[in-house]
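**Student:** Here you go, this is target-v4.tsv (TSV, C-alpha atoms).
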```tsv
chain	number	residue	atom	x	y	z
A	1	GLU	CA	120.06	-56.73	-16.30
A	2	THR	CA	120.08	-60.42	-17.16
A	3	GLY	CA	116.40	-60.83	-18.01
A	4	VAL	CA	115.70	-62.73	-14.78
A	5	THR	CA	113.82	-60.82	-12.09
A	6	GLN	CA	113.18	-61.83	-8.50
A	7	THR	CA	110.79	-60.45	-5.92
A	8	PRO	CA	110.99	-59.49	-3.18
A	9	ARG	CA	114.61	-58.45	-3.03
A	10	HIS	CA	114.64	-58.59	0.77
A	11	LEU	CA	112.45	-60.61	3.12
A	12	VAL	CA	112.40	-60.93	6.87
A	13	MET	CA	110.15	-63.61	8.27
A	14	GLY	CA	109.52	-65.34	11.52
A	15	MET	CA	109.83	-69.07	11.91
A	16	THR	CA	106.07	-69.56	11.88
A	17	ASN	CA	105.36	-67.43	8.81
A	18	LYS	CA	104.53	-68.56	5.29
A	19	LYS	CA	105.94	-66.57	2.41
A	20	SER	CA	106.76	-67.06	-1.26
A	21	LEU	CA	109.64	-65.99	-3.46
A	22	LYS	CA	108.94	-65.24	-7.11
A	23	CYS	CA	111.17	-65.50	-10.14
A	24	GLU	CA	110.34	-64.48	-13.70
A	25	GLN	CA	112.50	-64.89	-16.76
A	26	HIS	CA	112.05	-62.91	-19.96
A	27	LEU	CA	114.56	-64.87	-22.04
A	28	GLY	CA	112.36	-67.56	-23.54
A	29	HIS	CA	114.23	-70.27	-21.64
A	30	ASN	CA	112.68	-73.59	-20.68
A	31	ALA	CA	114.74	-74.58	-17.64
A	32	MET	CA	114.72	-72.80	-14.28
A	33	TYR	CA	116.71	-73.30	-11.10
A	34	TRP	CA	116.68	-72.34	-7.44
A	35	TYR	CA	120.01	-71.93	-5.64
A	36	LYS	CA	120.88	-71.10	-2.03
A	37	GLN	CA	123.92	-68.90	-1.45
A	38	SER	CA	125.35	-68.82	2.07
A	39	ALA	CA	128.51	-67.08	3.18
A	40	LYS	CA	131.72	-69.01	2.50
A	41	LYS	CA	129.86	-71.95	0.99
A	42	PRO	CA	129.43	-72.96	-2.64
A	43	LEU	CA	126.16	-72.11	-4.30
A	44	GLU	CA	123.84	-74.99	-3.49
A	45	LEU	CA	121.49	-76.19	-6.19
A	46	MET	CA	118.07	-76.74	-4.66
A	47	PHE	CA	115.64	-77.48	-7.48
A	48	VAL	CA	115.68	-77.73	-11.25
A	49	TYR	CA	112.66	-77.48	-13.52
A	50	SER	CA	112.88	-78.41	-17.16
A	51	LEU	CA	109.84	-77.89	-19.40
A	52	GLU	CA	107.86	-77.16	-16.23
A	53	GLU	CA	108.64	-80.54	-14.68
A	54	ARG	CA	110.81	-80.88	-11.61
A	55	VAL	CA	113.85	-82.87	-12.62
A	56	GLU	CA	116.03	-82.31	-9.59
A	57	ASN	CA	115.49	-82.03	-5.86
A	58	ASN	CA	118.74	-81.98	-3.99
A	59	SER	CA	117.54	-83.32	-0.65
A	60	VAL	CA	115.97	-80.01	0.24
A	61	PRO	CA	113.85	-79.96	3.44
A	62	SER	CA	110.12	-80.03	2.85
A	63	ARG	CA	109.74	-76.57	4.37
A	64	PHE	CA	110.86	-75.38	0.91
A	65	SER	CA	108.27	-76.09	-1.77
A	66	PRO	CA	108.87	-75.07	-5.39
A	67	GLU	CA	106.24	-74.40	-8.02
A	68	CYS	CA	106.67	-73.82	-11.73
A	69	PRO	CA	103.30	-72.92	-13.29
A	70	ASN	CA	104.84	-72.16	-16.70
A	71	SER	CA	108.25	-71.85	-18.29
A	72	SER	CA	108.55	-68.16	-17.39
A	73	HIS	CA	107.68	-68.28	-13.70
A	74	LEU	CA	109.12	-70.07	-10.71
A	75	PHE	CA	108.10	-69.81	-7.09
A	76	LEU	CA	109.63	-70.97	-3.85
A	77	HIS	CA	107.08	-71.35	-1.07
A	78	LEU	CA	108.51	-71.10	2.43
A	79	HIS	CA	106.99	-72.26	5.71
A	80	THR	CA	108.23	-72.88	9.24
A	81	LEU	CA	111.79	-71.97	8.30
A	82	GLN	CA	114.76	-72.12	10.62
A	83	PRO	CA	117.34	-69.37	11.29
A	84	GLU	CA	119.94	-71.40	9.36
A	85	ASP	CA	117.78	-70.94	6.26
A	86	SER	CA	118.78	-67.28	6.19
A	87	ALA	CA	120.66	-66.80	2.93
A	88	LEU	CA	120.52	-65.30	-0.54
A	89	TYR	CA	118.16	-67.30	-2.74
A	90	LEU	CA	119.01	-67.10	-6.41
A	91	CYS	CA	116.91	-68.05	-9.38
A	92	ALA	CA	118.47	-68.90	-12.73
A	93	SER	CA	117.27	-69.95	-16.15
A	94	SER	CA	118.76	-71.58	-19.20
A	95	GLN	CA	117.73	-72.98	-22.51
A	96	ASP	CA	117.62	-76.74	-22.14
A	97	GLY	CA	120.43	-77.95	-24.32
A	98	GLY	CA	122.35	-74.72	-23.73
A	99	PHE	CA	125.20	-74.34	-21.31
A	100	GLU	CA	124.71	-70.87	-19.94
A	101	GLN	CA	122.67	-70.13	-16.86
A	102	TYR	CA	121.42	-66.59	-16.29
A	103	PHE	CA	120.90	-65.54	-12.69
A	104	GLY	CA	118.52	-63.10	-11.11
A	105	PRO	CA	119.65	-60.64	-8.42
A	106	GLY	CA	118.44	-62.86	-5.60
A	107	THR	CA	116.21	-62.51	-2.56
A	108	ARG	CA	118.01	-61.86	0.71
A	109	LEU	CA	116.06	-63.89	3.28
A	110	THR	CA	116.42	-63.42	7.00
A	111	VAL	CA	114.63	-65.80	9.35
A	112	THR	CA	114.17	-64.47	12.87
B	1	GLN	CA	133.73	-86.72	-6.83
B	2	GLN	CA	131.33	-83.82	-7.10
B	3	GLN	CA	133.46	-81.11	-5.48
B	4	VAL	CA	135.11	-78.17	-7.14
B	5	LYS	CA	137.89	-76.72	-5.02
B	6	GLN	CA	138.66	-73.03	-5.52
B	7	SER	CA	141.57	-70.96	-4.25
B	8	PRO	CA	142.44	-68.48	-2.95
B	9	GLN	CA	139.48	-67.46	-0.83
B	10	SER	CA	140.46	-63.81	-1.17
B	11	LEU	CA	142.90	-61.90	-3.30
B	12	ILE	CA	144.24	-58.36	-3.28
B	13	VAL	CA	145.94	-57.08	-6.42
B	14	GLN	CA	147.34	-53.72	-7.42
B	15	LYS	CA	145.79	-51.92	-10.36
B	16	GLY	CA	147.42	-53.15	-13.55
B	17	GLY	CA	148.49	-56.44	-12.00
B	18	ILE	CA	147.46	-59.97	-12.88
B	19	SER	CA	144.81	-61.73	-10.83
B	20	ILE	CA	144.93	-65.53	-10.83
B	21	ILE	CA	142.24	-67.79	-9.40
B	22	ASN	CA	142.53	-71.55	-9.45
B	23	CYS	CA	140.03	-74.39	-9.44
B	24	ALA	CA	140.35	-78.15	-9.32
B	25	TYR	CA	137.71	-80.76	-9.99
B	26	GLU	CA	137.44	-84.49	-9.47
B	27	ASN	CA	134.75	-85.80	-11.77
B	28	THR	CA	136.25	-86.55	-15.18
B	29	ALA	CA	132.75	-86.50	-16.68
B	30	PHE	CA	132.63	-82.71	-16.32
B	31	ASP	CA	133.05	-81.08	-19.70
B	32	TYR	CA	131.96	-77.47	-19.29
B	33	PHE	CA	133.75	-75.00	-17.03
B	34	PRO	CA	132.30	-71.51	-16.63
B	35	TRP	CA	133.47	-68.62	-14.50
B	36	TYR	CA	130.94	-66.29	-12.94
B	37	GLN	CA	131.43	-62.78	-11.59
B	38	GLN	CA	129.25	-61.45	-8.80
B	39	PHE	CA	129.06	-57.88	-7.58
B	40	PRO	CA	127.45	-57.03	-4.22
B	41	GLY	CA	123.68	-57.01	-4.47
B	42	LYS	CA	123.69	-58.75	-7.84
B	43	GLY	CA	123.38	-62.31	-9.00
B	44	PRO	CA	126.33	-64.11	-10.59
B	45	ALA	CA	126.92	-63.24	-14.24
B	46	LEU	CA	128.66	-65.49	-16.74
B	47	LEU	CA	132.11	-64.13	-17.51
B	48	ILE	CA	133.81	-66.74	-19.66
B	49	ALA	CA	133.61	-70.51	-20.13
B	50	ILE	CA	135.70	-73.28	-21.63
B	51	ARG	CA	135.23	-76.81	-22.95
B	52	PRO	CA	138.02	-79.37	-22.43
B	53	ASP	CA	138.84	-79.60	-26.12
B	54	VAL	CA	140.95	-76.45	-25.82
B	55	SER	CA	143.65	-75.53	-23.31
B	56	GLU	CA	143.07	-71.81	-23.28
B	57	LYS	CA	140.34	-69.31	-24.05
B	58	LYS	CA	140.75	-65.57	-24.04
B	59	GLU	CA	138.13	-62.84	-24.02
B	60	GLY	CA	139.55	-59.37	-23.61
B	61	ARG	CA	141.48	-59.20	-20.36
B	62	PHE	CA	140.07	-62.52	-19.13
B	63	THR	CA	141.74	-65.85	-19.92
B	64	ILE	CA	140.88	-69.37	-18.84
B	65	SER	CA	143.70	-71.89	-18.78
B	66	PHE	CA	142.66	-75.53	-18.71
B	67	ASN	CA	144.76	-78.56	-17.78
B	68	LYS	CA	142.74	-81.69	-18.45
B	69	SER	CA	145.30	-84.16	-17.15
B	70	ALA	CA	145.65	-82.31	-13.85
B	71	LYS	CA	141.90	-81.63	-13.69
B	72	GLN	CA	142.57	-77.98	-13.02
B	73	PHE	CA	141.54	-74.71	-14.59
B	74	SER	CA	142.29	-71.13	-13.76
B	75	LEU	CA	141.11	-67.61	-14.47
B	76	HIS	CA	143.65	-64.93	-15.28
B	77	ILE	CA	142.63	-61.29	-15.24
B	78	MET	CA	145.23	-59.19	-17.00
B	79	ASP	CA	145.67	-55.47	-16.27
B	80	SER	CA	143.32	-55.79	-13.28
B	81	GLN	CA	141.14	-52.73	-12.65
B	82	PRO	CA	139.28	-51.53	-9.56
B	83	GLY	CA	136.05	-52.26	-11.43
B	84	ASP	CA	137.05	-55.93	-11.46
B	85	SER	CA	136.64	-56.04	-7.66
B	86	ALA	CA	133.99	-58.71	-7.18
B	87	THR	CA	133.56	-62.31	-6.13
B	88	TYR	CA	134.48	-64.88	-8.75
B	89	PHE	CA	133.07	-68.39	-8.87
B	90	CYS	CA	134.27	-71.28	-10.94
B	91	ALA	CA	131.92	-74.09	-11.79
B	92	ALA	CA	131.87	-77.43	-13.55
B	93	SER	CA	129.10	-79.23	-15.33
B	94	LYS	CA	128.32	-82.13	-17.59
B	95	THR	CA	126.81	-81.15	-20.92
B	96	SER	CA	124.52	-84.15	-21.12
B	97	GLY	CA	121.10	-83.85	-19.56
B	98	THR	CA	120.07	-80.83	-17.55
B	99	TYR	CA	123.08	-78.68	-16.87
B	100	LYS	CA	123.74	-78.85	-13.16
B	101	TYR	CA	126.61	-76.70	-12.08
B	102	ILE	CA	128.89	-77.63	-9.20
B	103	PHE	CA	130.28	-74.35	-7.92
B	104	GLY	CA	133.49	-73.51	-6.14
B	105	THR	CA	133.37	-71.55	-2.89
B	106	GLY	CA	134.26	-68.24	-4.52
B	107	THR	CA	137.19	-65.82	-4.48
B	108	ARG	CA	136.74	-62.28	-3.30
B	109	LEU	CA	138.98	-60.08	-5.44
B	110	LYS	CA	139.92	-56.55	-4.50
B	111	VAL	CA	141.90	-54.45	-6.92
B	112	LEU	CA	143.58	-51.46	-5.32
B	113	ALA	CA	143.59	-48.18	-7.20
```
Do you think you could lay out the structure here as structure tokens?
**Tutor:**
Amino acid sequence: ETGVTQTPRHLVMGMTNKKSLKCEQHLGHNAMYWYKQSAKKPLELMFVYSLEERVENNSVPSRFSPECPNSSHLFLHLHTLQPEDSALYLCASSQDGGFEQYFGPGTRLTVT
Amino acid sequence: QQQVKQSPQSLIVQKGGISIINCAYENTAFDYFPWYQQFPGKGPALLIAIRPDVSEKKEGRFTISFNKSAKQFSLHIMDSQPGDSATYFCAASKTSGTYKYIFGTGTRLKVLA
């Protein structure tokens, strides 16, 4: 395992639900990332947190709301999602100033 | 300017053969080029990476070739094994500031036994 865990691994939610994805890294890193992986598309960077501050928001719809309470934990709060939001959501971490990003196994999200 | 173009989309290779995956980038400010390997049900894992100050980097059966003038880089898997069957992603990043990868679309490799 990479030292980055994600829960839940699978999530099915209706368009009116509110749910949260959780990511935890055990590597002592200080930067964390959310990516969206859809079939036949490049991994899309959604949010970047460095030293617990959001430093990047790639025009992500407001129905996705990230939270980084400390350098080890990252959440993605979901509400009123659309079917096209169904994808694999990946969390990654790195040491700011280091090149390598370590990915978690992802949460497979299905919006019905 | 921000795209990384990856080819082929899928690749089938016989066991023991050479697998070659190509990527091209546009932004000359990129100076870090990793390759990631992803198995079904897993997140991408860093396989090998290169900086533009060298033209080739080898780790075991995996080699990155880098052509700075053409803005292209490729992954060669020598003596391909069925266990190498996975999806491979190239990426490019700048090493200043927070490292934001731009990923290619991925290549699904299948190595036949």
**Student:** Find the residue from B:Gln9, B:Ser85, B:Tyr36, B:Asp31 that sits nearest to Ile50 in chain B; use all atoms listed in the file when measuring.
**Tutor:**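 Closest to Ile50 in chain B, using all atoms listed in the file: B:Asp31.
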**Student:** Using all atoms listed in the file, find which residues of chain A lie within 9 Å of chain B and jot them down as a list in words.
**Tutor:** Thr2, Ala31, Ala39, Lys40, Lys41, Pro42, Leu43, Glu44, Leu45, Val48, Ser50, Val55, Leu90, Cys91, Ser94, Asp96, Gly97, Gly98, Phe99, Glu100, Gln101, Tyr102, Phe103, Gly104, Pro105 and Gly106 of chain A
**Student:** In Å, with one decimal, what is the gap from CA of Phe30 in chain B to CA of Ser65 in chain B?
**Tutor:**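 It comes out at 15.7 Å.
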**Student:** Excluding same-chain residues fewer than 6 positions from range 16-30 of chain A, what lies within 10 Å of it counting only C-alpha atoms, as a PyMOL selection string?
**Tutor:** chain A and resi 2-10+49-52+63-68+70-82+89-98+101-107+109+111-112
**Student:** Which value, in Å to one decimal, gives the distance between CA of Gln2 in chain B and CA of Asn57 in chain A?
**Tutor:** 16.0 Å
**Student:** Please measure the separation of CA of Thr28 in chain B and CA of Thr63 in chain B, giving the value in Å to one decimal.
**Tutor:**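 CA of Thr63 in chain B lies 21.9 Å from CA of Thr28 in chain B.
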**Student:** Generate all heavy atoms for range 3-14 of chain B and emit them as a PDB file, keeping the file's coordinate frame.
**Tutor:**
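Result file is rebuild-v6.pdb:
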```
ATOM      1  N   GLN B   3     132.963 -82.400  -5.954  1.00  0.00           N
ATOM      2  CA  GLN B   3     133.460 -81.110  -5.480  1.00  0.00           C
ATOM      3  C   GLN B   3     134.257 -80.367  -6.534  1.00  0.00           C
ATOM      4  O   GLN B   3     134.889 -80.969  -7.407  1.00  0.00           O
ATOM      5  CB  GLN B   3     134.355 -81.328  -4.255  1.00  0.00           C
ATOM      6  CG  GLN B   3     133.618 -81.504  -2.957  1.00  0.00           C
ATOM      7  CD  GLN B   3     134.567 -81.452  -1.777  1.00  0.00           C
ATOM      8  OE1 GLN B   3     135.706 -81.895  -1.866  1.00  0.00           O
ATOM      9  NE2 GLN B   3     134.101 -80.928  -0.667  1.00  0.00           N
ATOM     10  N   VAL B   4     134.201 -79.039  -6.399  1.00  0.00           N
ATOM     11  CA  VAL B   4     135.110 -78.170  -7.140  1.00  0.00           C
ATOM     12  C   VAL B   4     135.813 -77.319  -6.095  1.00  0.00           C
ATOM     13  O   VAL B   4     135.162 -76.585  -5.362  1.00  0.00           O
ATOM     14  CB  VAL B   4     134.353 -77.293  -8.153  1.00  0.00           C
ATOM     15  CG1 VAL B   4     135.310 -76.319  -8.813  1.00  0.00           C
ATOM     16  CG2 VAL B   4     133.672 -78.159  -9.206  1.00  0.00           C
ATOM     17  N   LYS B   5     137.126 -77.434  -6.038  1.00  0.00           N
ATOM     18  CA  LYS B   5     137.890 -76.720  -5.020  1.00  0.00           C
ATOM     19  C   LYS B   5     138.483 -75.460  -5.624  1.00  0.00           C
ATOM     20  O   LYS B   5     139.172 -75.528  -6.657  1.00  0.00           O
ATOM     21  CB  LYS B   5     138.994 -77.620  -4.458  1.00  0.00           C
ATOM     22  CG  LYS B   5     138.452 -78.832  -3.724  1.00  0.00           C
ATOM     23  CD  LYS B   5     139.558 -79.680  -3.157  1.00  0.00           C
ATOM     24  CE  LYS B   5     138.974 -80.889  -2.430  1.00  0.00           C
ATOM     25  NZ  LYS B   5     140.028 -81.782  -1.874  1.00  0.00           N
ATOM     26  N   GLN B   6     138.242 -74.327  -4.987  1.00  0.00           N
ATOM     27  CA  GLN B   6     138.660 -73.030  -5.520  1.00  0.00           C
ATOM     28  C   GLN B   6     139.596 -72.341  -4.537  1.00  0.00           C
ATOM     29  O   GLN B   6     139.376 -72.359  -3.327  1.00  0.00           O
ATOM     30  CB  GLN B   6     137.418 -72.158  -5.766  1.00  0.00           C
ATOM     31  CG  GLN B   6     137.716 -70.818  -6.387  1.00  0.00           C
ATOM     32  CD  GLN B   6     136.455 -70.048  -6.774  1.00  0.00           C
ATOM     33  OE1 GLN B   6     135.355 -70.613  -6.801  1.00  0.00           O
ATOM     34  NE2 GLN B   6     136.596 -68.782  -7.070  1.00  0.00           N
ATOM     35  N   SER B   7     140.618 -71.712  -5.087  1.00  0.00           N
ATOM     36  CA  SER B   7     141.570 -70.960  -4.250  1.00  0.00           C
ATOM     37  C   SER B   7     142.118 -69.779  -5.040  1.00  0.00           C
ATOM     38  O   SER B   7     142.195 -69.843  -6.274  1.00  0.00           O
ATOM     39  CB  SER B   7     142.701 -71.869  -3.789  1.00  0.00           C
ATOM     40  OG  SER B   7     143.453 -72.348  -4.901  1.00  0.00           O
ATOM     41  N   PRO B   8     142.554 -68.707  -4.381  1.00  0.00           N
ATOM     42  CA  PRO B   8     142.440 -68.480  -2.950  1.00  0.00           C
ATOM     43  C   PRO B   8     141.026 -68.028  -2.569  1.00  0.00           C
ATOM     44  O   PRO B   8     140.210 -67.758  -3.433  1.00  0.00           O
ATOM     45  CB  PRO B   8     143.448 -67.348  -2.714  1.00  0.00           C
ATOM     46  CG  PRO B   8     143.383 -66.560  -3.983  1.00  0.00           C
ATOM     47  CD  PRO B   8     143.184 -67.567  -5.074  1.00  0.00           C
ATOM     48  N   GLN B   9     140.774 -67.930  -1.304  1.00  0.00           N
ATOM     49  CA  GLN B   9     139.480 -67.460  -0.830  1.00  0.00           C
ATOM     50  C   GLN B   9     139.343 -65.955  -1.061  1.00  0.00           C
ATOM     51  O   GLN B   9     138.257 -65.455  -1.325  1.00  0.00           O
ATOM     52  CB  GLN B   9     139.327 -67.787   0.652  1.00  0.00           C
ATOM     53  CG  GLN B   9     137.955 -67.519   1.219  1.00  0.00           C
ATOM     54  CD  GLN B   9     137.834 -68.001   2.656  1.00  0.00           C
ATOM     55  OE1 GLN B   9     138.685 -68.748   3.147  1.00  0.00           O
ATOM     56  NE2 GLN B   9     136.799 -67.588   3.344  1.00  0.00           N
ATOM     57  N   SER B  10     140.451 -65.241  -0.908  1.00  0.00           N
ATOM     58  CA  SER B  10     140.460 -63.810  -1.170  1.00  0.00           C
ATOM     59  C   SER B  10     141.778 -63.427  -1.807  1.00  0.00           C
ATOM     60  O   SER B  10     142.787 -64.114  -1.643  1.00  0.00           O
ATOM     61  CB  SER B  10     140.205 -63.020   0.114  1.00  0.00           C
ATOM     62  OG  SER B  10     141.235 -63.250   1.047  1.00  0.00           O
ATOM     63  N   LEU B  11     141.742 -62.311  -2.514  1.00  0.00           N
ATOM     64  CA  LEU B  11     142.900 -61.900  -3.300  1.00  0.00           C
ATOM     65  C   LEU B  11     142.926 -60.385  -3.398  1.00  0.00           C
ATOM     66  O   LEU B  11     141.899 -59.769  -3.710  1.00  0.00           O
ATOM     67  CB  LEU B  11     142.813 -62.525  -4.694  1.00  0.00           C
ATOM     68  CG  LEU B  11     143.915 -62.293  -5.708  1.00  0.00           C
ATOM     69  CD1 LEU B  11     145.238 -62.825  -5.191  1.00  0.00           C
ATOM     70  CD2 LEU B  11     143.552 -62.957  -7.027  1.00  0.00           C
ATOM     71  N   ILE B  12     144.070 -59.799  -3.125  1.00  0.00           N
ATOM     72  CA  ILE B  12     144.240 -58.360  -3.280  1.00  0.00           C
ATOM     73  C   ILE B  12     145.335 -58.126  -4.306  1.00  0.00           C
ATOM     74  O   ILE B  12     146.438 -58.676  -4.191  1.00  0.00           O
ATOM     75  CB  ILE B  12     144.605 -57.686  -1.935  1.00  0.00           C
ATOM     76  CG1 ILE B  12     143.485 -57.908  -0.919  1.00  0.00           C
ATOM     77  CG2 ILE B  12     144.833 -56.184  -2.136  1.00  0.00           C
ATOM     78  CD1 ILE B  12     143.811 -57.387   0.473  1.00  0.00           C
ATOM     79  N   VAL B  13     145.020 -57.323  -5.313  1.00  0.00           N
ATOM     80  CA  VAL B  13     145.940 -57.080  -6.420  1.00  0.00           C
ATOM     81  C   VAL B  13     146.013 -55.580  -6.671  1.00  0.00           C
ATOM     82  O   VAL B  13     145.018 -54.862  -6.532  1.00  0.00           O
ATOM     83  CB  VAL B  13     145.438 -57.814  -7.691  1.00  0.00           C
ATOM     84  CG1 VAL B  13     146.275 -57.475  -8.903  1.00  0.00           C
ATOM     85  CG2 VAL B  13     145.439 -59.321  -7.450  1.00  0.00           C
ATOM     86  N   GLN B  14     147.186 -55.126  -7.039  1.00  0.00           N
ATOM     87  CA  GLN B  14     147.340 -53.720  -7.420  1.00  0.00           C
ATOM     88  C   GLN B  14     146.768 -53.503  -8.810  1.00  0.00           C
ATOM     89  O   GLN B  14     146.788 -54.401  -9.671  1.00  0.00           O
ATOM     90  CB  GLN B  14     148.821 -53.328  -7.403  1.00  0.00           C
ATOM     91  CG  GLN B  14     149.471 -53.332  -6.027  1.00  0.00           C
ATOM     92  CD  GLN B  14     148.990 -52.176  -5.148  1.00  0.00           C
ATOM     93  OE1 GLN B  14     148.518 -51.158  -5.648  1.00  0.00           O
ATOM     94  NE2 GLN B  14     149.122 -52.338  -3.842  1.00  0.00           N
TER      95      GLN B  14
END
```
